[in-house]
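Peer 1: Mind looking over this structure? Questions follow.
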Number of protein chains: 2
Amino acid sequence: MKKPASKPNATKAVTKVSDSSLRRLVGYHMKRAFNVVQTDLTKTLKPFDLRMITYSALVTISENPGLRQSQLADAIDIERPNLVVIIDELERRDLIVRDRVPNDRRAYALKTTPLGDRLLSKAFKSVVAHEEELLASLSPEERTNLISALKLIENSQKKDTP
Amino acid sequence: MKKPASKPNATKAVTKVSDSSLRRLVGYHMKRAFNVVQTDLTKTLKPFDLRMITYSALVTISENPGLRQSQLADAIDIERPNLVVIIDELERRDLIVRDRVPNDRRAYALKTTPLGDRLLSKAFKSVVAHEEELLASLSPEERTNLISALKLIENSQKKDTP
DNA sequence: AATAAATAGATATGACACATAACAATTATA
DNA sequence: TATAATTGTTATGTGTCATATCTATTTATT
């Protein structure tokens with residue numbers, strides 16, 4: 001004869017899993033929310049054959065024509081060695097070109113091609129539209145507040161380490 | 001004769017890299033802010049020899065003693081195969097045990113050991129304290145708003161796909 | 001009851017993100 | 001000129017995450 005499930009967290013099997021300890025942490029909420037955003041963005045970029053990193057790189061090159069690989073790596077916060085393969089791919093697909101920087105034969109000046117511009121323009125519209133859907137339940141004010149809070153967190157280290 | 005740098009984004013080398021296109025996206029802000037949080041959390045957990053995943057697993061087991069691996073995988077949103085090695089590690093370090101579930105010889109009932117509880121209690125305090133530092137520039141109201149916005153985003157898909 | 005289907009955990013494997021060390025070519029500095 | 005620093009590159013390792021497949025057990029179907 002089995003006892004009916006009256007006593008939680010006993011020897012019996014757990015029925016509903018709680019995560020309220022982790023819910024005390026803002027970081028946990030950020031991770032879960034970001035997972036949703038990331039999944040959505042990945043799906044959105046798939047038709048353009050872009051990933052988050054290649055997309056970020058393409059956008060940043062388009063906005064800063066002529067920048068160097070090291071500058072790009074710094075801007076989108078990835079290591080220079082890891083950028084090389086990304087640039088290789090974008091160049092192979094004729095979305096960008098590696099021009100030479102005039103007075104420095106070590107460096108490359110990155111620029112988008114017309115093809116890259118066209119792809120990016122479509123992709124960007126799609127990304128913005130999908131984000132709009134994802135944020136549909138947030139008012140303009142809530143979005144503004146969210147972004148400024150995230151900025152505060154982003155800038156909350158930057159210093160110390162003597 | 002070269003033109004002086006009056007026109008941005010010309011043939012000249014880029015001096016300051018702009019990311020204002022990406023800044024239009026909430027997802028971009030989330031990624032950058034989360035990177036900061038993640039870096040801080042990783043450092044915080046290092047003295048306890050825990051990673052974000054092992055920490056999440058330990059917390060959730062502690063809060064839901066007796067839960068199964070598949071339930072845990074579901075709760076902390078990782079795939080079952082990837083959980084196995086995590087559980088292996090926690091068990092090897094005597095932080096948790098794999099008991100048997102009474103009426104199901106397929107499943108394990110996960111529980112923290114006293115050692116695991118002690119480690120977790122210290123780690124949790126440290127994590128909360130570090131988060132407090134990271135969020136120092138946010139008022140209580142801003143934190144509440146941030147969390148509720150993140151929750152809205154987290155729950156904004158969940159449905160469709162017929 | 002016998003067979004088929006579903007479930008829990010495990011193993012193997014691959015894709016991708018991310019980090020570090022070391023190198024050649026070039027430029028800047030002492 | 002000799003030395004140091006920078007740019008892009010190659011090689012390599014680690015961590016996260018996903019999928020397919022396997023076993024042993026349990027549940028459902030007939």
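Labels for the structure tokens follow display order: chains A, B, ..., residues from 1 in each chain, ligands from 1.
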Taking only C-alpha atoms (C1' of nucleotides) into account and nothing else, which residues of chain D lie no more than 10 Å away from chain A? Please answer as a list in words.
Peer 2: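 Using only C-alpha atoms (C1' of nucleotides), chain D residues at most 10 Å from chain A: DT6, DT7, DG8, DT9 and DT10 of chain D.
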Peer 1: Create the file for the chosen residues now, containing N, CA and C atoms (P, O5', C5', C4', C3', O3' and C1' of nucleotides) and written as an mmCIF file, in the first residue's frame.
Peer 2:
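This is the output file result-v5.cif:
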data_model
loop_
_atom_site.group_PDB
_atom_site.id
_atom_site.type_symbol
_atom_site.label_atom_id
_atom_site.label_comp_id
_atom_site.auth_asym_id
_atom_site.auth_seq_id
_atom_site.Cartn_x
_atom_site.Cartn_y
_atom_site.Cartn_z
ATOM 1 P P DT D 6 52.335 46.892 -28.668
ATOM 2 O "O5'" DT D 6 52.057 46.562 -30.204
ATOM 3 C "C5'" DT D 6 52.280 47.565 -31.182
ATOM 4 C "C4'" DT D 6 51.917 47.036 -32.551
ATOM 5 C "C3'" DT D 6 50.581 46.297 -32.619
ATOM 6 O "O3'" DT D 6 49.860 46.806 -33.729
ATOM 7 C "C1'" DT D 6 52.287 44.979 -33.573
ATOM 8 P P DT D 7 48.350 46.448 -34.005
ATOM 9 O "O5'" DT D 7 48.449 45.405 -35.201
ATOM 10 C "C5'" DT D 7 48.892 45.823 -36.484
ATOM 11 C "C4'" DT D 7 48.829 44.646 -37.443
ATOM 12 C "C3'" DT D 7 47.554 43.815 -37.333
ATOM 13 O "O3'" DT D 7 46.886 43.782 -38.579
ATOM 14 C "C1'" DT D 7 49.498 42.426 -37.264
ATOM 15 P P DG D 8 45.386 43.201 -38.680
ATOM 16 O "O5'" DG D 8 45.654 41.694 -39.121
ATOM 17 C "C5'" DG D 8 46.275 41.460 -40.391
ATOM 18 C "C4'" DG D 8 46.928 40.090 -40.415
ATOM 19 C "C3'" DG D 8 45.965 38.889 -40.366
ATOM 20 O "O3'" DG D 8 46.090 38.154 -41.564
ATOM 21 C "C1'" DG D 8 47.829 38.573 -38.929
ATOM 22 P P DT D 9 45.139 36.866 -41.825
ATOM 23 O "O5'" DT D 9 45.987 35.665 -41.207
ATOM 24 C "C5'" DT D 9 47.268 35.386 -41.744
ATOM 25 C "C4'" DT D 9 47.965 34.298 -40.951
ATOM 26 C "C3'" DT D 9 47.179 33.000 -40.792
ATOM 27 O "O3'" DT D 9 47.701 32.062 -41.723
ATOM 28 C "C1'" DT D 9 48.401 33.609 -38.805
ATOM 29 P P DT D 10 46.954 30.688 -41.962
ATOM 30 O "O5'" DT D 10 47.603 29.729 -40.851
ATOM 31 C "C5'" DT D 10 48.991 29.439 -40.888
ATOM 32 C "C4'" DT D 10 49.382 28.595 -39.685
ATOM 33 C "C3'" DT D 10 48.526 27.342 -39.470
ATOM 34 O "O3'" DT D 10 49.360 26.194 -39.545
ATOM 35 C "C1'" DT D 10 48.834 28.546 -37.438
#
Peer 1: Counting only C-alpha atoms, give me one row per residue of chain A with an atom at most 7 Å from an atom of chain B, showing the shortest contact pair and its distance in Å to one decimal, sorted by chain then residue number, as a tab-separated table.
Peer 2:
residue	atom	partner	partner_atom	distance
A:Asn9	CA	B:Pro65	CA	6.0
A:Thr11	CA	B:Gly66	CA	6.6
A:Ala13	CA	B:Gly66	CA	5.9
A:Val14	CA	B:Leu67	CA	5.1
A:Val17	CA	B:Asn64	CA	6.3
A:Ser18	CA	B:Asn64	CA	6.7
A:Asp19	CA	B:Thr60	CA	6.2
A:Val26	CA	B:Ile147	CA	6.5
A:Gly27	CA	B:Val37	CA	6.3
A:His29	CA	B:Leu150	CA	6.1
A:Met30	CA	B:Leu150	CA	6.4
A:Arg32	CA	B:Glu154	CA	6.2
A:Ala33	CA	B:Glu154	CA	4.3
A:Phe34	CA	B:Met30	CA	6.5
A:Val36	CA	B:Glu154	CA	6.0
A:Val37	CA	B:Gly27	CA	6.3
A:Thr60	CA	B:Asp19	CA	6.3
A:Glu63	CA	B:Ser18	CA	6.9
A:Asn64	CA	B:Asn9	CA	6.1
A:Pro65	CA	B:Asn9	CA	5.8
A:Gly66	CA	B:Ala13	CA	5.8
A:Leu67	CA	B:Val14	CA	5.1
A:Ala75	CA	B:Val17	CA	6.7
A:Leu134	CA	B:Ser156	CA	6.0
A:Leu135	CA	B:Ile153	CA	6.5
A:Ser137	CA	B:Leu152	CA	6.8
A:Leu146	CA	B:Leu146	CA	5.8
A:Ile147	CA	B:Val26	CA	6.5
A:Ala149	CA	B:Leu146	CA	6.8
A:Leu150	CA	B:Ala33	CA	5.6
A:Lys151	CA	B:Ala33	CA	6.7
A:Leu152	CA	B:Ser137	CA	6.9
A:Ile153	CA	B:Ala33	CA	5.7
A:Glu154	CA	B:Ala33	CA	4.3
A:Ser156	CA	B:Leu134	CA	6.0
Peer 1: Dump as a list of chain:residue names the residues of chain C that approach chain A to within 10 Å, counting only C-alpha atoms (C1' of nucleotides).
Peer 2: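 Result, ordered by chain then number: C:DA17, C:DC18, C:DA19, C:DT20, C:DA25, C:DT26, C:DT27.
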Peer 1: Quick one: write out the picked residues with C-alpha atoms (C1' of nucleotides) as a PDB file, in the first residue's frame?
Peer 2:
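Result file is out-v5.pdb:
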ATOM      1  C1'  DA C  17      32.860  29.255 -29.065  1.00  0.00           C
ATOM      2  C1'  DC C  18      36.722  30.687 -26.746  1.00  0.00           C
ATOM      3  C1'  DA C  19      41.590  30.927 -25.017  1.00  0.00           C
ATOM      4  C1'  DT C  20      46.759  30.576 -25.300  1.00  0.00           C
ATOM      5  C1'  DA C  25      56.504  39.839 -41.580  1.00  0.00           C
ATOM      6  C1'  DT C  26      56.514  44.436 -40.669  1.00  0.00           C
ATOM      7  C1'  DT C  27      56.865  48.641 -38.049  1.00  0.00           C
TER       8       DT C  27
END
Peer 1: As a PyMOL selection string, list the residues of stretch 53-113 of chain B assigned to helix (DSSP H, G or I) by DSSP on the backbone atoms of this structure.
Peer 2: chain B and resi 53-63+69-75+80-92
Peer 1: Need to verify the contact set: D:DA4, 12 Å, only C-alpha atoms (C1' of nucleotides), exclusion of same-chain residues closer than 4 positions in sequence. Can you return it as a VMD selection string?
Peer 2: chain C and resid 27 to 30
Peer 1: Using Å and a single decimal, report how far atom CA of B:Val97 sits from atom CA of B:Lys46.
Peer 2: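 Atom CA of B:Val97 lies at a distance of 22.3 Å from atom CA of B:Lys46.
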Peer 1: Write out as a PyMOL selection string all residues of stretch 11-158 of chain A that backbone DSSP assigns to strand (DSSP E).
Peer 2: chain A and resi 96-100+108-112
